There are 2 protein chains.
Amino acid sequence: MGAKDSDIYSKHSSSQFNEELEKLRTDFLTMGGIVERQVTDSLTSLLNQDIELAETARELDRDTNNYERSIDKDCALIIALRQPAAVDLRLIISINRAVVDLERIGDEATRVAKQAIDLANSDGSTKGLHEVRHIGELVSEMLKDVLTAFARRDMELAYKVVKRDLSVDREYQSAMRSLITFMMEDSRAISSVLNIIWVLRSLERIGDHACNLAEQLIYQVSGTDVRHMDTGEIKEVVRD
Amino acid sequence: MGAKDSDIYSKHSSSQFNEELEKLRTDFLTMGGIVERQVTDSLTSLLNQDIELAETARELDRDTNNYERSIDKDCALIIALRQPAAVDLRLIISINRAVVDLERIGDEATRVAKQAIDLANSDGSTKGLHEVRHIGELVSEMLKDVLTAFARRDMELAYKVVKRDLSVDREYQSAMRSLITFMMEDSRAISSVLNIIWVLRSLERIGDHACNLAEQLIYQVSGTDVRHMDTGEIKEVVRD
């Protein structure tokens, strides 16, 4: 219908560009799915003293790392070849940063799986497993929700994840206090309780990273860098 | 001398571009200097039970966060306006990623400063301070060297930082074992020894982040993503 060659070319090129961006988003969400499985499998392996599942969870780390490398490479290529601006550039930058947090969640899950193996191999007490289950469920839920927020570009859901991190921190502090008291009362249990303490610390870090992911999604959609803002300020950005 | 207007413009624009890249490098190194001070001040405050210095170290975190935000904004602006390619793009990408590690080193230093205050306010035992001093010196040296590597684009020095992380991990494991033994022998000391354990864990993380920084510098100079490679493979990239 009278379109010039250059229009057709730019249309073609722009639809290819959109496909590249879509692939980036899909790869990111796939990587997120693997990391989610690392977290739930490592937790289950700990709670059920299942060494085999712990090994499987550890092996997933290779997949996570491969996705990290490949997504980073794609980000650099798209920037170099497509010279994206505005919202497209923000998508790439936020995914580039979010991948770092995903990879570190994977690292923490690997640490949990390692503790699961140590604990199953010792005559470990089961003290603290109740708290692990509870906080584990909280941070798994945060991770699931923040990935949904990425899939739907849903800032409101991301904001809820940020808010929930506060209650994870409270639960973590309270669990730590009771475990320390327990160690003082029964010094033979110190070593196995420390295993549980490392797990709780990893879970708390996973919560922090989920929170970072939520902040990246808010940046992607709104253009505002909300890191280091308090929840009240973030709320204003999200609802503006 | 016969130069066309467009040449003059592109020359002008390219020298401005170089200035922008240089500013990015300078800001990154300045931020690195602040983080270095956060680490040494928080360690000194812990070793000397100096609450005032610990508070100063904590306050530096605001500066670090401001630099993070400003550098990230500059990176996005340069990408959008200058459409950099090849080595320039790698500089921007590597700095964009390295800033995350710098900021997290700052966070760990803040945690150390917090432990310093807790310890000074308790009737804390001084068990483990010797190990803190030793491992603290190792990771401070790693951080100093990796920033020098960034300043000089020195891959060989970055590689040395990566290698040194292995000995930090060994020292950390051995310090942890002796602190756990100590807790078992004297359960009244559990709480204060745990303070020291958190500090050691933060130091170990600082070593990990310094290692990540070194990998980013190697990527910046060589173009090869060496994350998740073992030291033998990294050596080949660096000396190629």
# chains A, B, ... in the order shown; residues from 1 in each chain; ligands from 1
$ interface_residues --of "chain A" --to "chain B" --cutoff "10 Å" --atoms "only C-alpha atoms" --output "PyMOL selection string"
chain A and resi 62+65-66+68-69+72-73+75-77+79-86+89-90+93+96-97+100-101+177+180-181+183-191+194+225-228
$ residues_around --residues "Ile196 (chain B)" --least-positions-apart "3" --cutoff "8 Å" --atoms "only C-alpha atoms" --output "PyMOL selection string"
chain B and resi 115+128-129+132+192-193+199-200
$ residues_around --residues "Leu166 (chain A)" --least-positions-apart "5" --cutoff "10 Å" --atoms "only C-alpha atoms" --output "ChimeraX atom specification"
/A:161,171-172,207-208,211,231
$ write_last_selection --atoms "N, CA and C atoms" --output "short mmCIF file (atom, residue, chain, number, x, y, z; two decimals), in the first residue's frame"
data_model
loop_
_atom_site.label_atom_id
_atom_site.label_comp_id
_atom_site.auth_asym_id
_atom_site.auth_seq_id
_atom_site.Cartn_x
_atom_site.Cartn_y
_atom_site.Cartn_z
N VAL A 161 5.84 -7.65 47.34
CA VAL A 161 7.03 -8.45 47.66
C VAL A 161 7.99 -7.64 48.53
N GLU A 171 10.67 -12.44 61.30
CA GLU A 171 10.62 -13.88 61.61
C GLU A 171 12.04 -14.44 61.76
N TYR A 172 12.92 -13.97 60.90
CA TYR A 172 14.31 -14.43 60.95
C TYR A 172 14.96 -14.06 62.29
N GLY A 207 15.32 -13.71 50.47
CA GLY A 207 14.29 -12.68 50.60
C GLY A 207 14.81 -11.32 50.13
N ASP A 208 16.05 -10.98 50.54
CA ASP A 208 16.65 -9.71 50.11
C ASP A 208 16.76 -9.64 48.59
N CYS A 211 13.54 -9.08 46.91
CA CYS A 211 13.23 -7.67 47.07
C CYS A 211 13.98 -6.82 46.02
N THR A 231 9.58 1.86 52.06
CA THR A 231 8.38 1.31 51.42
C THR A 231 7.34 2.40 51.12
#
$ residues_around --residues "Met155 (chain A)" --least-positions-apart "4" --cutoff "8 Å" --atoms "only C-alpha atoms" --output "list in words"
Ala149, Tyr159, Ala214, Leu217, Ile218, Val221 and Val238 of chain A
$ atom_distance --atom1 "CA of Ala120 (chain A)" --atom2 "CA of Ser45 (chain A)"
9.3 Å
$ residues_around --residues "Gln220 (chain A)" --least-positions-apart "5" --cutoff "8 Å" --atoms "only C-alpha atoms" --output "JSON, numbers by chain"
{"A": [87, 90, 91, 94]}
$ write_last_selection --atoms "all heavy atoms" --output "CSV table (one decimal), in the first residue's frame"
chain,number,residue,atom,x,y,z
A,87,VAL,N,12.0,2.8,27.0
A,87,VAL,CA,11.5,1.7,27.7
A,87,VAL,C,12.2,0.4,27.3
A,87,VAL,O,12.4,-0.5,28.2
A,87,VAL,CB,9.9,1.6,27.5
A,87,VAL,CG1,9.6,1.4,26.0
A,87,VAL,CG2,9.3,0.5,28.3
A,90,ARG,N,15.4,0.3,29.2
A,90,ARG,CA,15.1,0.0,30.6
A,90,ARG,C,14.9,-1.5,30.8
A,90,ARG,O,15.3,-2.1,31.8
A,90,ARG,CB,13.9,0.8,31.1
A,90,ARG,CG,14.2,2.2,31.4
A,90,ARG,CD,13.4,2.7,32.6
A,90,ARG,NE,12.0,2.5,32.4
A,90,ARG,CZ,11.1,3.3,31.7
A,90,ARG,NH1,11.6,4.4,31.2
A,90,ARG,NH2,9.9,3.0,31.7
A,91,LEU,N,14.2,-2.1,29.9
A,91,LEU,CA,13.9,-3.6,30.0
A,91,LEU,C,15.2,-4.3,30.0
A,91,LEU,O,15.5,-5.2,30.9
A,91,LEU,CB,13.1,-4.0,28.8
A,91,LEU,CG,12.9,-5.6,28.6
A,91,LEU,CD1,12.0,-6.1,29.7
A,91,LEU,CD2,12.4,-6.0,27.2
A,94,SER,N,17.2,-3.6,33.3
A,94,SER,CA,16.7,-4.2,34.5
A,94,SER,C,16.9,-5.7,34.4
A,94,SER,O,17.2,-6.3,35.5
A,94,SER,CB,15.2,-3.8,34.6
A,94,SER,OG,14.4,-4.4,33.6
$ closest_residue --among "A:Val168, A:Asn195, A:Ile78, A:Asp61" --to "Leu119 (chain A)" --atoms "only C-alpha atoms"
A:Asn195
$ atom_distance --atom1 "CA of Glu36 (chain A)" --atom2 "CA of Val162 (chain A)"
17.7 Å
$ atom_distance --atom1 "CA of Met176 (chain B)" --atom2 "CA of Asn48 (chain B)"
21.6 Å
$ decode --residues "region 119-155 of chain A" --atoms "N, CA and C atoms" --output "mmCIF file, in the first residue's frame"
data_model
loop_
_atom_site.group_PDB
_atom_site.id
_atom_site.type_symbol
_atom_site.label_atom_id
_atom_site.label_comp_id
_atom_site.auth_asym_id
_atom_site.auth_seq_id
_atom_site.Cartn_x
_atom_site.Cartn_y
_atom_site.Cartn_z
ATOM 1 N N LEU A 119 23.686 -32.137 57.203
ATOM 2 C CA LEU A 119 22.765 -32.452 58.291
ATOM 3 C C LEU A 119 22.320 -33.918 58.216
ATOM 4 N N ALA A 120 22.047 -34.392 56.999
ATOM 5 C CA ALA A 120 21.600 -35.780 56.837
ATOM 6 C C ALA A 120 22.724 -36.740 57.211
ATOM 7 N N ASN A 121 23.971 -36.318 57.008
ATOM 8 C CA ASN A 121 25.111 -37.178 57.318
ATOM 9 C C ASN A 121 25.513 -37.140 58.785
ATOM 10 N N SER A 122 25.006 -36.146 59.528
ATOM 11 C CA SER A 122 25.328 -36.083 60.952
ATOM 12 C C SER A 122 24.158 -36.684 61.733
ATOM 13 N N ASP A 123 24.322 -36.815 63.044
ATOM 14 C CA ASP A 123 23.183 -37.255 63.847
ATOM 15 C C ASP A 123 22.398 -36.010 64.272
ATOM 16 N N GLY A 124 22.188 -35.127 63.274
ATOM 17 C CA GLY A 124 21.659 -33.792 63.505
ATOM 18 C C GLY A 124 20.364 -33.767 64.312
ATOM 19 N N SER A 125 20.257 -32.785 65.211
ATOM 20 C CA SER A 125 18.991 -32.552 65.890
ATOM 21 C C SER A 125 18.043 -31.924 64.883
ATOM 22 N N THR A 126 16.789 -31.970 65.142
ATOM 23 C CA THR A 126 15.817 -31.382 64.216
ATOM 24 C C THR A 126 15.339 -30.034 64.729
ATOM 25 N N LYS A 127 16.087 -29.490 65.681
ATOM 26 C CA LYS A 127 15.749 -28.182 66.225
ATOM 27 C C LYS A 127 15.819 -27.132 65.113
ATOM 28 N N GLY A 128 14.798 -26.294 65.031
ATOM 29 C CA GLY A 128 14.837 -25.188 64.080
ATOM 30 C C GLY A 128 14.233 -25.514 62.728
ATOM 31 N N LEU A 129 13.933 -26.797 62.488
ATOM 32 C CA LEU A 129 13.380 -27.150 61.173
ATOM 33 C C LEU A 129 11.995 -26.537 60.966
ATOM 34 N N HIS A 130 11.268 -26.377 62.057
ATOM 35 C CA HIS A 130 9.955 -25.737 61.966
ATOM 36 C C HIS A 130 10.102 -24.307 61.415
ATOM 37 N N GLU A 131 11.078 -23.568 61.957
ATOM 38 C CA GLU A 131 11.313 -22.193 61.508
ATOM 39 C C GLU A 131 11.795 -22.174 60.055
ATOM 40 N N VAL A 132 12.644 -23.158 59.697
ATOM 41 C CA VAL A 132 13.122 -23.232 58.310
ATOM 42 C C VAL A 132 11.941 -23.410 57.361
ATOM 43 N N ARG A 133 11.023 -24.309 57.746
ATOM 44 C CA ARG A 133 9.869 -24.550 56.894
ATOM 45 C C ARG A 133 9.054 -23.268 56.718
ATOM 46 N N HIS A 134 8.815 -22.594 57.829
ATOM 47 C CA HIS A 134 7.978 -21.395 57.792
ATOM 48 C C HIS A 134 8.631 -20.265 56.973
ATOM 49 N N ILE A 135 9.872 -19.933 57.292
ATOM 50 C CA ILE A 135 10.544 -18.848 56.560
ATOM 51 C C ILE A 135 10.806 -19.268 55.108
ATOM 52 N N GLY A 136 11.093 -20.558 54.910
ATOM 53 C CA GLY A 136 11.280 -21.069 53.557
ATOM 54 C C GLY A 136 10.044 -20.856 52.697
ATOM 55 N N GLU A 137 8.876 -21.102 53.291
ATOM 56 C CA GLU A 137 7.630 -20.884 52.541
ATOM 57 C C GLU A 137 7.443 -19.404 52.201
ATOM 58 N N LEU A 138 7.764 -18.546 53.172
ATOM 59 C CA LEU A 138 7.628 -17.102 52.926
ATOM 60 C C LEU A 138 8.498 -16.642 51.755
ATOM 61 N N VAL A 139 9.784 -17.036 51.755
ATOM 62 C CA VAL A 139 10.661 -16.518 50.694
ATOM 63 C C VAL A 139 10.383 -17.203 49.350
ATOM 64 N N SER A 140 9.952 -18.476 49.376
ATOM 65 C CA SER A 140 9.580 -19.127 48.111
ATOM 66 C C SER A 140 8.406 -18.390 47.470
ATOM 67 N N GLU A 141 7.459 -18.001 48.315
ATOM 68 C CA GLU A 141 6.301 -17.253 47.852
ATOM 69 C C GLU A 141 6.738 -15.899 47.269
ATOM 70 N N MET A 142 7.672 -15.226 47.945
ATOM 71 C CA MET A 142 8.186 -13.942 47.431
ATOM 72 C C MET A 142 8.805 -14.123 46.053
ATOM 73 N N LEU A 143 9.606 -15.192 45.915
ATOM 74 C CA LEU A 143 10.280 -15.433 44.638
ATOM 75 C C LEU A 143 9.258 -15.718 43.542
ATOM 76 N N LYS A 144 8.274 -16.554 43.856
ATOM 77 C CA LYS A 144 7.239 -16.891 42.878
ATOM 78 C C LYS A 144 6.503 -15.610 42.451
ATOM 79 N N ASP A 145 6.126 -14.791 43.429
ATOM 80 C CA ASP A 145 5.355 -13.587 43.117
ATOM 81 C C ASP A 145 6.167 -12.570 42.319
ATOM 82 N N VAL A 146 7.441 -12.443 42.639
ATOM 83 C CA VAL A 146 8.211 -11.432 41.914
ATOM 84 C C VAL A 146 8.415 -11.878 40.464
ATOM 85 N N LEU A 147 8.504 -13.185 40.223
ATOM 86 C CA LEU A 147 8.629 -13.655 38.843
ATOM 87 C C LEU A 147 7.312 -13.439 38.089
ATOM 88 N N THR A 148 6.199 -13.651 38.785
ATOM 89 C CA THR A 148 4.895 -13.324 38.174
ATOM 90 C C THR A 148 4.825 -11.832 37.866
ATOM 91 N N ALA A 149 5.319 -11.012 38.783
ATOM 92 C CA ALA A 149 5.325 -9.565 38.553
ATOM 93 C C ALA A 149 6.125 -9.229 37.289
ATOM 94 N N PHE A 150 7.255 -9.914 37.088
ATOM 95 C CA PHE A 150 8.042 -9.702 35.868
ATOM 96 C C PHE A 150 7.251 -10.137 34.639
ATOM 97 N N ALA A 151 6.586 -11.292 34.743
ATOM 98 C CA ALA A 151 5.846 -11.818 33.588
ATOM 99 C C ALA A 151 4.707 -10.876 33.193
ATOM 100 N N ARG A 152 4.064 -10.255 34.193
ATOM 101 C CA ARG A 152 2.901 -9.403 33.917
ATOM 102 C C ARG A 152 3.222 -7.915 33.966
ATOM 103 N N ARG A 153 4.477 -7.565 34.201
ATOM 104 C CA ARG A 153 4.877 -6.169 34.414
ATOM 105 C C ARG A 153 3.978 -5.528 35.480
ATOM 106 N N ASP A 154 3.828 -6.227 36.597
ATOM 107 C CA ASP A 154 2.853 -5.846 37.622
ATOM 108 C C ASP A 154 3.577 -5.188 38.809
ATOM 109 N N MET A 155 3.589 -3.848 38.816
ATOM 110 C CA MET A 155 4.317 -3.121 39.862
ATOM 111 C C MET A 155 3.683 -3.300 41.233
#
